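Visitor: Below is the file data_8.cif, which contains mmCIF, C-alpha atoms and all ligand atoms.
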```cif
data_my_file
#
loop_
_atom_site.label_atom_id
_atom_site.label_comp_id
_atom_site.auth_asym_id
_atom_site.auth_seq_id
_atom_site.Cartn_x
_atom_site.Cartn_y
_atom_site.Cartn_z
CA MET A 350 -37.55 -13.85 -10.42
CA ALA A 351 -34.24 -14.16 -8.49
CA LYS A 352 -33.83 -11.87 -5.45
CA GLN A 353 -31.86 -8.69 -6.13
CA LYS A 354 -28.37 -9.10 -4.59
CA ARG A 355 -27.20 -6.57 -1.99
CA VAL A 356 -23.48 -5.87 -1.89
CA GLY A 357 -21.71 -3.99 0.90
CA ILE A 358 -18.41 -2.16 0.31
CA LEU A 359 -15.95 -0.98 2.96
CA SER A 360 -12.47 0.48 2.95
CA ALA A 361 -10.19 -0.25 5.92
CA GLY A 362 -6.61 0.44 7.02
CA GLY A 363 -4.46 3.34 5.79
CA ASP A 364 -5.97 5.16 2.82
CA CYS A 365 -4.30 5.46 -0.59
CA PRO A 366 -5.05 6.91 -4.02
CA GLY A 367 -7.44 4.70 -6.01
CA ILE A 368 -9.87 3.55 -3.30
CA ASN A 369 -12.69 5.65 -4.75
CA ALA A 370 -11.91 4.32 -8.23
CA ALA A 371 -12.31 0.78 -6.80
CA ILE A 372 -15.56 1.71 -4.98
CA ARG A 373 -16.85 3.13 -8.28
CA GLY A 374 -15.65 0.02 -10.15
CA VAL A 375 -17.51 -2.30 -7.77
CA GLY A 376 -20.59 -0.09 -7.39
CA LYS A 377 -21.23 0.85 -11.00
CA THR A 378 -20.57 -2.66 -12.35
CA ALA A 379 -22.87 -4.12 -9.68
CA ILE A 380 -25.69 -1.66 -10.39
CA VAL A 381 -25.42 -1.26 -14.16
CA SER A 382 -24.40 -4.74 -15.31
CA HIS A 383 -25.84 -7.00 -12.61
CA ASN A 384 -28.85 -5.12 -11.21
CA MET A 385 -27.43 -5.41 -7.67
CA GLU A 386 -28.00 -2.98 -4.79
CA VAL A 387 -24.93 -1.38 -3.25
CA ILE A 388 -24.40 -0.33 0.37
CA GLY A 389 -21.45 1.80 1.48
CA ILE A 390 -20.25 0.91 4.99
CA SER A 391 -18.61 3.77 6.93
CA SER A 392 -15.10 3.74 8.38
CA GLY A 393 -14.00 0.18 7.68
CA PHE A 394 -15.03 -2.63 10.04
CA SER A 395 -16.13 -0.02 12.55
CA GLY A 396 -19.19 0.68 10.34
CA LEU A 397 -20.13 -3.00 10.45
CA ILE A 398 -19.80 -3.04 14.24
CA HIS A 399 -21.89 0.14 14.67
CA ASN A 400 -24.36 -0.50 11.83
CA ASP A 401 -23.29 2.68 10.08
CA PHE A 402 -24.01 2.61 6.34
CA GLU A 403 -25.71 4.35 3.40
CA ILE A 404 -27.18 3.18 0.11
CA LEU A 405 -24.88 4.02 -2.81
CA THR A 406 -26.78 4.97 -5.95
CA GLU A 407 -25.21 5.31 -9.38
CA GLU A 408 -25.33 9.12 -8.88
CA ALA A 409 -23.43 8.84 -5.58
CA LEU A 410 -20.71 6.91 -7.41
CA SER A 411 -20.38 9.50 -10.12
CA GLY A 412 -17.44 11.92 -10.16
CA ILE A 413 -15.30 10.01 -7.63
CA LEU A 414 -12.84 8.30 -10.01
CA THR A 415 -10.22 11.02 -9.64
CA LEU A 416 -10.75 11.71 -5.92
CA GLY A 417 -8.04 10.74 -3.44
CA GLY A 418 -8.88 9.24 -0.04
CA THR A 419 -12.10 7.27 0.37
CA ILE A 420 -15.67 8.56 0.29
CA LEU A 421 -16.57 5.85 2.84
CA GLY A 422 -13.93 6.82 5.38
CA THR A 423 -11.57 4.28 6.90
CA SER A 424 -10.30 3.05 10.26
CA ARG A 425 -7.76 0.61 11.64
CA GLU A 426 -10.48 -1.24 13.58
CA LYS A 427 -9.54 -4.93 14.01
CA PRO A 428 -12.74 -6.63 15.20
CA PHE A 429 -11.05 -9.88 16.20
CA LYS A 430 -8.67 -8.09 18.60
CA LYS A 431 -10.07 -7.59 22.07
CA THR A 432 -9.57 -3.79 22.22
CA GLY A 433 -12.10 -1.01 22.93
CA MET A 434 -15.82 -1.62 23.70
CA PRO A 435 -15.27 -3.79 26.84
CA GLY A 436 -17.55 -6.82 26.93
CA ALA A 437 -18.72 -6.41 23.32
CA ASP A 438 -18.44 -9.37 20.97
CA LYS A 439 -17.52 -7.45 17.80
CA PRO A 440 -17.57 -10.40 15.37
CA LYS A 441 -21.06 -11.26 16.69
CA LEU A 442 -22.20 -7.64 16.15
CA ILE A 443 -20.79 -7.70 12.63
CA LYS A 444 -22.70 -10.90 11.79
CA LYS A 445 -25.91 -9.43 13.24
CA HIS A 446 -25.59 -6.19 11.23
CA TYR A 447 -24.59 -8.08 8.07
CA ARG A 448 -27.88 -9.97 8.35
CA GLU A 449 -29.90 -6.84 9.25
CA MET A 450 -28.45 -4.91 6.30
CA GLY A 451 -29.62 -7.82 4.13
CA LEU A 452 -26.15 -8.26 2.61
CA ASP A 453 -25.29 -11.06 0.20
CA CYS A 454 -21.59 -10.16 0.29
CA ILE A 455 -19.13 -7.55 1.63
CA VAL A 456 -16.26 -6.29 -0.49
CA CYS A 457 -13.33 -5.38 1.77
CA ILE A 458 -10.88 -2.93 0.22
CA GLY A 459 -7.67 -2.88 2.24
CA GLY A 460 -4.13 -4.00 2.90
CA ASN A 461 -2.77 -7.01 4.75
CA GLY A 462 -4.60 -6.41 8.02
CA THR A 463 -7.90 -5.95 6.20
CA GLN A 464 -7.47 -9.13 4.15
CA LYS A 465 -6.69 -11.07 7.33
CA THR A 466 -9.90 -9.81 8.95
CA ALA A 467 -11.79 -10.52 5.71
CA ALA A 468 -10.51 -14.13 5.80
CA MET A 469 -11.63 -14.50 9.42
CA LEU A 470 -15.11 -13.15 8.60
CA ALA A 471 -15.29 -15.64 5.72
CA GLU A 472 -14.41 -18.39 8.24
CA GLU A 473 -17.32 -17.12 10.38
CA GLY A 474 -19.63 -17.83 7.46
CA LEU A 475 -20.00 -14.39 5.82
CA ASN A 476 -19.67 -13.97 2.06
CA VAL A 477 -16.57 -11.83 1.59
CA ILE A 478 -14.46 -10.63 -1.33
CA GLY A 479 -11.12 -8.84 -0.76
CA ILE A 480 -9.59 -6.12 -2.93
CA PRO A 481 -5.94 -5.32 -2.13
CA LYS A 482 -4.85 -1.70 -1.85
CA THR A 483 -1.81 0.03 -0.33
CA ILE A 484 1.01 2.31 -1.33
CA ASP A 485 3.35 -0.30 0.22
CA ASN A 486 2.62 -2.98 -2.44
CA ASP A 487 3.14 -5.61 0.25
CA VAL A 488 -0.09 -7.63 0.04
CA PHE A 489 0.76 -11.30 -0.39
CA GLY A 490 -0.33 -12.98 -3.61
CA THR A 491 -0.72 -9.98 -5.91
CA ASP A 492 2.04 -8.51 -8.08
CA PHE A 493 0.63 -5.01 -7.61
CA THR A 494 -1.79 -3.17 -5.35
CA PHE A 495 -3.37 0.10 -6.43
CA GLY A 496 -2.03 3.14 -4.62
CA PHE A 497 1.52 1.97 -5.28
CA ASP A 498 1.92 3.54 -8.72
CA SER A 499 0.61 6.92 -7.48
CA ALA A 500 2.97 6.85 -4.49
CA VAL A 501 5.93 5.95 -6.74
CA THR A 502 5.07 8.95 -8.93
CA ILE A 503 4.81 11.34 -5.96
CA ALA A 504 8.03 10.06 -4.36
CA THR A 505 9.89 10.21 -7.69
CA GLU A 506 8.93 13.84 -8.13
CA ALA A 507 10.18 14.60 -4.63
CA ILE A 508 13.51 12.89 -5.33
CA ASP A 509 13.81 14.78 -8.64
CA ARG A 510 13.48 18.03 -6.74
CA LEU A 511 16.18 17.07 -4.25
CA HIS A 512 18.79 16.74 -7.02
CA THR A 513 18.97 20.47 -7.74
CA THR A 514 19.20 21.62 -4.14
CA ALA A 515 21.72 18.86 -3.33
CA ASN A 516 23.83 19.98 -6.28
CA SER A 517 23.70 23.69 -5.35
CA HIS A 518 24.97 23.00 -1.82
CA LYS A 519 27.15 19.97 -2.60
CA ARG A 520 25.31 17.99 0.05
CA ILE A 521 24.14 14.47 0.60
CA MET A 522 20.36 14.29 0.76
CA VAL A 523 18.71 11.40 2.57
CA ILE A 524 15.02 10.92 1.79
CA GLU A 525 12.81 8.49 3.72
CA LEU A 526 9.87 6.86 1.98
CA MET A 527 6.98 4.85 3.42
CA GLY A 528 6.49 1.14 2.92
CA HIS A 529 6.05 -0.30 6.41
CA ASN A 530 8.36 -3.38 6.46
CA ALA A 531 8.65 -3.60 2.67
CA GLY A 532 11.05 -1.82 0.31
CA TRP A 533 8.94 -1.79 -2.89
CA LEU A 534 8.21 1.94 -2.89
CA THR A 535 11.82 2.85 -2.08
CA LEU A 536 13.19 0.51 -4.76
CA TYR A 537 10.88 1.78 -7.51
CA ALA A 538 11.00 5.49 -6.64
CA GLY A 539 14.71 5.28 -5.83
CA LEU A 540 15.41 3.94 -9.30
CA ALA A 541 12.96 6.24 -11.08
CA GLY A 542 14.31 9.29 -9.24
CA GLY A 543 17.96 8.48 -9.92
CA GLY A 544 18.93 7.71 -6.32
CA ASP A 545 22.64 6.98 -5.84
CA VAL A 546 22.13 4.82 -2.76
CA ILE A 547 18.92 2.84 -2.20
CA LEU A 548 18.46 1.13 1.17
CA ILE A 549 15.61 -1.35 1.70
CA PRO A 550 14.83 -3.54 4.73
CA GLU A 551 14.98 -6.76 2.70
CA LEU A 552 18.70 -6.30 1.92
CA GLY A 553 19.94 -4.60 5.07
CA TYR A 554 23.07 -2.46 4.75
CA ASN A 555 26.62 -2.08 5.91
CA PRO A 556 27.49 1.50 7.02
CA LYS A 557 31.06 1.08 5.75
CA THR A 558 29.84 0.08 2.28
CA VAL A 559 27.54 3.11 2.08
CA ASN A 560 30.14 5.62 3.31
CA ARG A 561 32.90 4.24 1.11
CA TYR A 562 30.60 4.48 -1.93
CA LEU A 563 29.59 8.08 -1.11
CA LEU A 564 33.19 9.20 -0.58
CA ASP A 565 34.28 7.54 -3.78
CA ARG A 566 31.45 9.26 -5.64
CA ALA A 567 32.40 12.64 -4.14
CA TYR A 568 36.03 12.23 -5.30
CA LYS A 569 35.43 10.69 -8.71
CA LYS A 570 31.98 11.57 -9.96
CA LYS A 571 29.68 14.21 -8.54
CA PRO A 572 29.93 16.46 -5.51
CA TYR A 573 26.43 15.55 -4.29
CA SER A 574 24.47 12.35 -3.69
CA ILE A 575 20.89 11.24 -3.14
CA VAL A 576 20.24 8.44 -0.65
CA VAL A 577 16.74 6.91 -0.68
CA VAL A 578 15.84 4.91 2.44
CA ALA A 579 12.78 2.88 3.41
CA GLU A 580 11.04 3.67 6.69
CA GLY A 581 11.28 0.00 7.71
CA LEU A 582 15.09 -0.06 7.64
CA GLU A 583 16.65 -1.81 10.63
CA ARG A 584 18.06 0.59 13.26
CA PRO A 585 18.46 0.83 17.05
CA ALA A 586 15.10 0.97 18.87
CA GLU A 587 15.67 4.54 20.15
CA GLU A 588 16.07 5.89 16.58
CA THR A 589 12.58 6.93 15.46
CA SER A 590 13.45 7.88 11.89
CA ALA A 591 15.40 5.73 9.43
CA ALA A 592 16.49 8.86 7.51
CA ALA A 593 17.85 10.61 10.61
CA TYR A 594 19.77 7.50 11.64
CA VAL A 595 21.28 6.94 8.20
CA ALA A 596 22.13 10.66 7.82
CA LYS A 597 23.99 10.64 11.17
CA MET A 598 25.90 7.55 10.11
CA ILE A 599 26.83 9.17 6.77
CA GLU A 600 27.86 12.54 8.19
CA LYS A 601 30.01 10.85 10.81
CA GLY A 602 31.62 8.50 8.30
CA THR A 603 32.12 10.89 5.34
CA LYS A 604 32.25 14.36 6.94
CA ILE A 605 30.05 15.55 4.05
CA GLU A 606 27.17 17.84 5.02
CA THR A 607 23.99 15.74 5.01
CA ARG A 608 20.31 16.70 5.19
CA THR A 609 17.14 14.63 5.64
CA THR A 610 13.64 14.71 4.17
CA ILE A 611 10.80 12.53 5.44
CA LEU A 612 8.15 12.56 2.74
CA GLY A 613 5.38 11.16 4.95
CA TYR A 614 1.67 11.29 4.20
CA VAL A 615 2.03 13.28 0.98
CA GLN A 616 2.75 9.83 -0.50
CA ARG A 617 -0.76 8.68 0.36
CA GLY A 618 -2.73 11.77 -0.60
CA GLY A 619 -4.32 13.18 -3.71
CA SER A 620 -5.60 11.92 -7.02
CA PRO A 621 -4.65 8.42 -8.25
CA SER A 622 -2.35 7.96 -11.25
CA ALA A 623 -3.88 6.74 -14.51
CA MET A 624 -2.43 3.23 -13.92
CA ASP A 625 -3.95 3.08 -10.41
CA ARG A 626 -7.34 4.18 -11.74
CA ILE A 627 -7.20 1.35 -14.26
CA LEU A 628 -5.98 -1.28 -11.76
CA ALA A 629 -8.64 -0.23 -9.22
CA THR A 630 -11.34 -0.35 -11.90
CA ARG A 631 -10.21 -3.82 -13.04
CA PHE A 632 -10.16 -5.05 -9.43
CA GLY A 633 -13.62 -3.59 -8.72
CA SER A 634 -15.23 -5.10 -11.76
CA HIS A 635 -13.58 -8.50 -11.18
CA ALA A 636 -14.88 -8.49 -7.59
CA VAL A 637 -18.44 -8.12 -8.91
CA GLN A 638 -17.93 -11.00 -11.34
CA LEU A 639 -16.86 -13.19 -8.39
CA ILE A 640 -20.03 -12.15 -6.52
CA ALA A 641 -22.22 -12.86 -9.54
CA ASP A 642 -20.59 -16.31 -9.81
CA GLU A 643 -20.97 -16.78 -6.02
CA ARG A 644 -17.23 -17.46 -5.66
CA PHE A 645 -16.84 -16.02 -2.17
CA GLY A 646 -13.88 -16.05 0.25
CA ARG A 647 -11.52 -14.80 -2.45
CA MET A 648 -9.20 -11.82 -2.97
CA VAL A 649 -8.81 -10.21 -6.38
CA ILE A 650 -5.19 -10.12 -7.55
CA ASN A 651 -2.96 -8.99 -10.41
CA LYS A 652 -0.72 -11.85 -11.55
CA ASN A 653 1.55 -11.58 -14.60
CA GLY A 654 -0.57 -8.71 -15.93
CA GLN A 655 -3.86 -10.63 -15.56
CA THR A 656 -6.69 -9.86 -13.13
CA THR A 657 -7.64 -13.04 -11.31
CA SER A 658 -8.26 -14.14 -7.69
CA MET A 659 -6.98 -16.40 -4.92
CA SER A 660 -8.45 -17.85 -1.73
CA LEU A 661 -8.42 -15.39 1.20
CA LYS A 662 -7.22 -18.33 3.31
CA ASP A 663 -3.92 -18.34 1.40
CA VAL A 664 -3.34 -14.58 1.91
CA GLY A 665 -3.80 -14.40 5.69
CA GLY A 666 -0.96 -12.84 7.66
CA LYS A 667 1.70 -13.16 4.95
CA LEU A 668 3.64 -10.20 3.50
CA SER A 669 4.97 -9.64 0.03
CA LEU A 670 8.56 -8.41 0.44
CA VAL A 671 11.09 -7.58 -2.27
CA PRO A 672 12.99 -10.78 -3.14
CA LYS A 673 16.76 -10.34 -2.69
CA ASP A 674 17.29 -11.35 -6.32
CA HIS A 675 14.56 -9.11 -7.75
CA SER A 676 15.45 -8.06 -11.30
CA LEU A 677 15.33 -4.33 -10.39
CA ILE A 678 17.91 -4.87 -7.64
CA ASN A 679 20.21 -6.52 -10.17
CA LYS A 680 19.59 -3.72 -12.70
CA ALA A 681 20.40 -1.11 -10.04
CA ARG A 682 23.67 -2.85 -9.14
CA ALA A 683 24.57 -3.01 -12.83
CA LEU A 684 24.18 0.81 -12.97
CA ASP A 685 26.57 1.15 -10.01
CA ILE A 686 23.78 2.19 -7.67
CA CYS A 687 24.73 1.28 -4.10
CA MET A 688 22.17 -1.07 -2.51
CA GLY A 689 24.10 -0.89 0.77
CA ASP A 690 24.74 -4.58 1.28
CA GLN A 691 27.77 -5.42 -0.92
O1 LIG A 701 0.25 0.92 5.12
C1 LIG A 701 0.48 2.13 4.48
C2 LIG A 701 1.28 3.05 5.33
O2 LIG A 701 1.27 4.22 4.61
C3 LIG A 701 2.71 2.62 5.68
O3 LIG A 701 3.61 2.86 4.67
C4 LIG A 701 2.97 3.42 6.93
O4 LIG A 701 3.91 2.78 7.74
C5 LIG A 701 1.65 3.42 7.60
O5 LIG A 701 0.68 3.29 6.57
C6 LIG A 701 1.35 4.63 8.44
O6 LIG A 701 -0.03 4.78 8.57
P1 LIG A 701 -0.87 5.41 9.78
O7 LIG A 701 -0.05 6.50 10.38
O8 LIG A 701 -2.10 5.87 9.11
O9 LIG A 701 -1.12 4.29 10.73
#
```
What is this structure when it is put down as structure tokens?
Guide:
Amino acid sequence: MAKQKRVGILSAGGDCPGINAAIRGVGKTAIVSHNMEVIGISSGFSGLIHNDFEILTEEALSGILTLGGTILGTSREKPFKKTGMPGADKPKLIKKHYREMGLDCIVCIGGNGTQKTAAMLAEEGLNVIGIPKTIDNDVFGTDFTFGFDSAVTIATEAIDRLHTTANSHKRIMVIELMGHNAGWLTLYAGLAGGGDVILIPELGYNPKTVNRYLLDRAYKKKPYSIVVVAEGLERPAEETSAAAYVAKMIEKGTKIETRTTILGYVQRGGSPSAMDRILATRFGSHAVQLIADERFGRMVINKNGQTTSMSLKDVGGKLSLVPKDHSLINKARALDICMGDQ
């Protein structure tokens, strides 16, 4: 009889809604459909370095689909960077513990940094499968990451709520959304929330264009405006917040009272949306199929609506940014939404 396979799962990098749904998707499919054993590794790559893990039974995986965060914990530990633990060879420790845990594969749930580390561990000879997650939707090679849809929903609701208070006070409201260097979340939530100006790092912006648009709107259309900005927007180094910088620029240029909101970690918290639960479940179950087929060194992706996979080697270090000619940018322009650059 073939040896029972042992699969490790870890979540690394910033958390997001849907990680537990993915852990459940991997774990239950592995146990129920493939008779594999499942090990949960604590706090990302840190758990592999410190040999910190627990066996995940089917019962332990029950009731976590709707839970935000990650039952395994997470960390931003980057084992190939020479930081912390002076003198320790972290990749060597990881390989030792991988062997001692009796693993046949580790599933690494994470964003760009995690997939890069996963690719390097695969190069070191470990069997690795990547699952992309992040509210930023910026993992190279996949059309969507889970976490993104939930964050778009949360951010849209926040923008919706700004409309009424902006209208009451006849103010301009600037809201800053997360996304690291990418503008996906700002573009989607900006459109869904009826933003009047949407500023993303990929397009850049001209202050004169933005102020002229807002003044024109105040004279001709509505006495209030909503400006949605991405945290990664270019600004002078001393300006810590994109929203504060843009608001100052607007108030100076238009003389209209302007307020800022930085939505922050609310975007990453709480229960995943239905679409994220489904995407995470699809990703989890596809990861197990790859393990069963012994197709290691791959990351699960969503491409043109299909769940498939690509080599981790081709993901490494690259970002998925919003293309300047993305159809949603063109749709926004056609609705007379100001994208800041023209
Ligand atoms: O990568 C997801 C993300 O939420 C980014 O949008 C944000 O820049 C970053 O994480 C902040 O995360 P932390 O404070 O946990 O490092």
Visitor: Residues within 10 Å of region 663-671 of chain A, please, as a ChimeraX atom specification. Count only C-alpha atoms; anything in the same chain fewer than 2 positions from it doesn't count.
Guide: /A:460-469,485-493,530-534,536,549-552,647-648,659-661,673-675,677-678
Visitor: Residues contacting ligand LIG 701 (chain A) - anything with an atom at most 8 Å away, using all atoms listed in the file - can you give me those as a ChimeraX atom specification?
Guide: /A:362-365,425,460,483-485,526-530,580-581,614,616-617
Visitor: Enclose all atoms of region 652-655 of chain A listed in the file in an axis-aligned box, grow every side by 3 Å, and hand back centre and edge lengths in Å to one decimal, as JSON.
Guide:
```
{"center_x": -1.2, "center_y": -10.3, "center_z": -13.7, "size_x": 11.4, "size_y": 9.1, "size_z": 10.4}
```
Visitor: Would you mind listing what lies within 8 Å of region 618-623 of chain A as a ChimeraX atom specification, with only C-alpha atoms counted and same-chain residues fewer than 5 positions away left out?
Guide: /A:365-367,415-418,496,498-499,502
Visitor: Please report as a tab-separated table every residue of region 391-471 of chain A lying within 12 Å of region 626-636 of chain A, along with the nearest atom pair and their distance in Å (one decimal), using all atoms listed in the file.
Guide:
```
residue	atom	partner	partner_atom	distance
A:Ile413	CA	A:Arg626	CA	10.7
A:Leu414	CA	A:Arg626	CA	7.1
A:Thr415	CA	A:Arg626	CA	7.7
A:Leu416	CA	A:Arg626	CA	10.1
A:Gly417	CA	A:Arg626	CA	10.6
A:Cys454	CA	A:Ala636	CA	10.5
A:Ile455	CA	A:Ala636	CA	10.2
A:Val456	CA	A:Ala636	CA	7.6
A:Cys457	CA	A:Ala636	CA	10.0
A:Ile458	CA	A:Gly633	CA	9.4
A:Gly459	CA	A:Ala629	CA	11.8
```
Visitor: Next, write the just-selected residues to a file, as a PDB file, in the frame of the given file, keeping C-alpha atoms as the atom set.
Guide:
```pdb
ATOM      1  CA  ILE A 413     -15.300  10.010  -7.630  1.00  0.00           C
ATOM      2  CA  LEU A 414     -12.840   8.300 -10.010  1.00  0.00           C
ATOM      3  CA  THR A 415     -10.220  11.020  -9.640  1.00  0.00           C
ATOM      4  CA  LEU A 416     -10.750  11.710  -5.920  1.00  0.00           C
ATOM      5  CA  GLY A 417      -8.040  10.740  -3.440  1.00  0.00           C
ATOM      6  CA  CYS A 454     -21.590 -10.160   0.290  1.00  0.00           C
ATOM      7  CA  ILE A 455     -19.130  -7.550   1.630  1.00  0.00           C
ATOM      8  CA  VAL A 456     -16.260  -6.290  -0.490  1.00  0.00           C
ATOM      9  CA  CYS A 457     -13.330  -5.380   1.770  1.00  0.00           C
ATOM     10  CA  ILE A 458     -10.880  -2.930   0.220  1.00  0.00           C
ATOM     11  CA  GLY A 459      -7.670  -2.880   2.240  1.00  0.00           C
TER      12      GLY A 459
END
```
Visitor: So, with all atoms listed in the file as the atoms that count, which of A:Gly389, A:Phe429, A:Thr494, A:Glu408 lies closest to Met450 (chain A)?
Guide: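 Result for the nearest residue to Met450 (chain A): A:Gly389.
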Visitor: For CA of Thr419 (chain A) and CA of Ile372 (chain A), quote the distance in Å rounded to one decimal.
Guide: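 These atoms are spaced 8.5 Å apart.
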Visitor: Looking at A:Leu639, A:Lys652, A:Arg644, A:Leu452, which one is nearest to His383 (chain A), with distances taken over all atoms listed in the file?
Guide: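 Looking at the shortest contact to His383 (chain A), the residue is A:Leu639.
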Visitor: Within 7 Å of Ala596 (chain A), counting all atoms listed in the file, which residues qualify if same-chain residues fewer than 3 places away don't, as a list of chain:residue names?
Guide: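 Those residues are A:Val523, A:Ala592, A:Ala593, A:Ile599, A:Glu600, A:Thr607, A:Arg608, A:Thr609.
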Visitor: Add whatever atoms are absent from region 396-411 of chain A to reach N, CA, C and O atoms, and provide the output as a PDB file, in the coordinates of the input.
Guide:
```
ATOM      1  N   GLY A 396     -17.820   0.481  10.846  1.00  0.00           N
ATOM      2  CA  GLY A 396     -19.190   0.680  10.340  1.00  0.00           C
ATOM      3  C   GLY A 396     -20.028  -0.574  10.453  1.00  0.00           C
ATOM      4  O   GLY A 396     -21.244  -0.503  10.680  1.00  0.00           O
ATOM      5  N   LEU A 397     -19.386  -1.736  10.308  1.00  0.00           N
ATOM      6  CA  LEU A 397     -20.130  -3.000  10.450  1.00  0.00           C
ATOM      7  C   LEU A 397     -20.473  -3.257  11.914  1.00  0.00           C
ATOM      8  O   LEU A 397     -21.523  -3.797  12.235  1.00  0.00           O
ATOM      9  N   ILE A 398     -19.559  -2.841  12.799  1.00  0.00           N
ATOM     10  CA  ILE A 398     -19.800  -3.040  14.240  1.00  0.00           C
ATOM     11  C   ILE A 398     -20.927  -2.114  14.708  1.00  0.00           C
ATOM     12  O   ILE A 398     -21.792  -2.497  15.487  1.00  0.00           O
ATOM     13  N   HIS A 399     -20.922  -0.863  14.188  1.00  0.00           N
ATOM     14  CA  HIS A 399     -21.890   0.140  14.670  1.00  0.00           C
ATOM     15  C   HIS A 399     -23.110   0.301  13.755  1.00  0.00           C
ATOM     16  O   HIS A 399     -23.910   1.215  13.945  1.00  0.00           O
ATOM     17  N   ASN A 400     -23.218  -0.554  12.744  1.00  0.00           N
ATOM     18  CA  ASN A 400     -24.360  -0.500  11.830  1.00  0.00           C
ATOM     19  C   ASN A 400     -24.464   0.850  11.120  1.00  0.00           C
ATOM     20  O   ASN A 400     -25.550   1.426  11.009  1.00  0.00           O
ATOM     21  N   ASP A 401     -23.338   1.354  10.681  1.00  0.00           N
ATOM     22  CA  ASP A 401     -23.290   2.680  10.080  1.00  0.00           C
ATOM     23  C   ASP A 401     -23.074   2.536   8.565  1.00  0.00           C
ATOM     24  O   ASP A 401     -22.001   2.128   8.124  1.00  0.00           O
ATOM     25  N   PHE A 402     -24.107   2.832   7.793  1.00  0.00           N
ATOM     26  CA  PHE A 402     -24.010   2.610   6.340  1.00  0.00           C
ATOM     27  C   PHE A 402     -24.933   3.541   5.576  1.00  0.00           C
ATOM     28  O   PHE A 402     -25.791   4.197   6.161  1.00  0.00           O
ATOM     29  N   GLU A 403     -24.767   3.609   4.257  1.00  0.00           N
ATOM     30  CA  GLU A 403     -25.710   4.350   3.400  1.00  0.00           C
ATOM     31  C   GLU A 403     -25.837   3.615   2.076  1.00  0.00           C
ATOM     32  O   GLU A 403     -24.914   2.910   1.661  1.00  0.00           O
ATOM     33  N   ILE A 404     -26.995   3.809   1.418  1.00  0.00           N
ATOM     34  CA  ILE A 404     -27.180   3.180   0.110  1.00  0.00           C
ATOM     35  C   ILE A 404     -26.388   3.995  -0.921  1.00  0.00           C
ATOM     36  O   ILE A 404     -26.419   5.235  -0.892  1.00  0.00           O
ATOM     37  N   LEU A 405     -25.630   3.314  -1.769  1.00  0.00           N
ATOM     38  CA  LEU A 405     -24.880   4.020  -2.810  1.00  0.00           C
ATOM     39  C   LEU A 405     -25.622   3.865  -4.143  1.00  0.00           C
ATOM     40  O   LEU A 405     -25.743   2.757  -4.667  1.00  0.00           O
ATOM     41  N   THR A 406     -26.109   4.994  -4.652  1.00  0.00           N
ATOM     42  CA  THR A 406     -26.780   4.970  -5.950  1.00  0.00           C
ATOM     43  C   THR A 406     -25.720   5.215  -7.031  1.00  0.00           C
ATOM     44  O   THR A 406     -24.589   5.595  -6.729  1.00  0.00           O
ATOM     45  N   GLU A 407     -26.128   5.043  -8.271  1.00  0.00           N
ATOM     46  CA  GLU A 407     -25.210   5.310  -9.380  1.00  0.00           C
ATOM     47  C   GLU A 407     -24.751   6.780  -9.342  1.00  0.00           C
ATOM     48  O   GLU A 407     -23.590   7.071  -9.604  1.00  0.00           O
ATOM     49  N   GLU A 408     -25.678   7.681  -8.955  1.00  0.00           N
ATOM     50  CA  GLU A 408     -25.330   9.120  -8.880  1.00  0.00           C
ATOM     51  C   GLU A 408     -24.257   9.344  -7.810  1.00  0.00           C
ATOM     52  O   GLU A 408     -23.322  10.111  -8.001  1.00  0.00           O
ATOM     53  N   ALA A 409     -24.397   8.653  -6.675  1.00  0.00           N
ATOM     54  CA  ALA A 409     -23.430   8.840  -5.580  1.00  0.00           C
ATOM     55  C   ALA A 409     -22.036   8.371  -5.993  1.00  0.00           C
ATOM     56  O   ALA A 409     -21.025   8.796  -5.446  1.00  0.00           O
ATOM     57  N   LEU A 410     -21.995   7.471  -6.978  1.00  0.00           N
ATOM     58  CA  LEU A 410     -20.710   6.910  -7.410  1.00  0.00           C
ATOM     59  C   LEU A 410     -20.105   7.692  -8.568  1.00  0.00           C
ATOM     60  O   LEU A 410     -19.027   7.358  -9.050  1.00  0.00           O
ATOM     61  N   SER A 411     -20.835   8.718  -8.976  1.00  0.00           N
ATOM     62  CA  SER A 411     -20.380   9.500 -10.120  1.00  0.00           C
ATOM     63  C   SER A 411     -19.425  10.610  -9.680  1.00  0.00           C
ATOM     64  O   SER A 411     -19.628  11.232  -8.634  1.00  0.00           O
TER      65      SER A 411
END
```
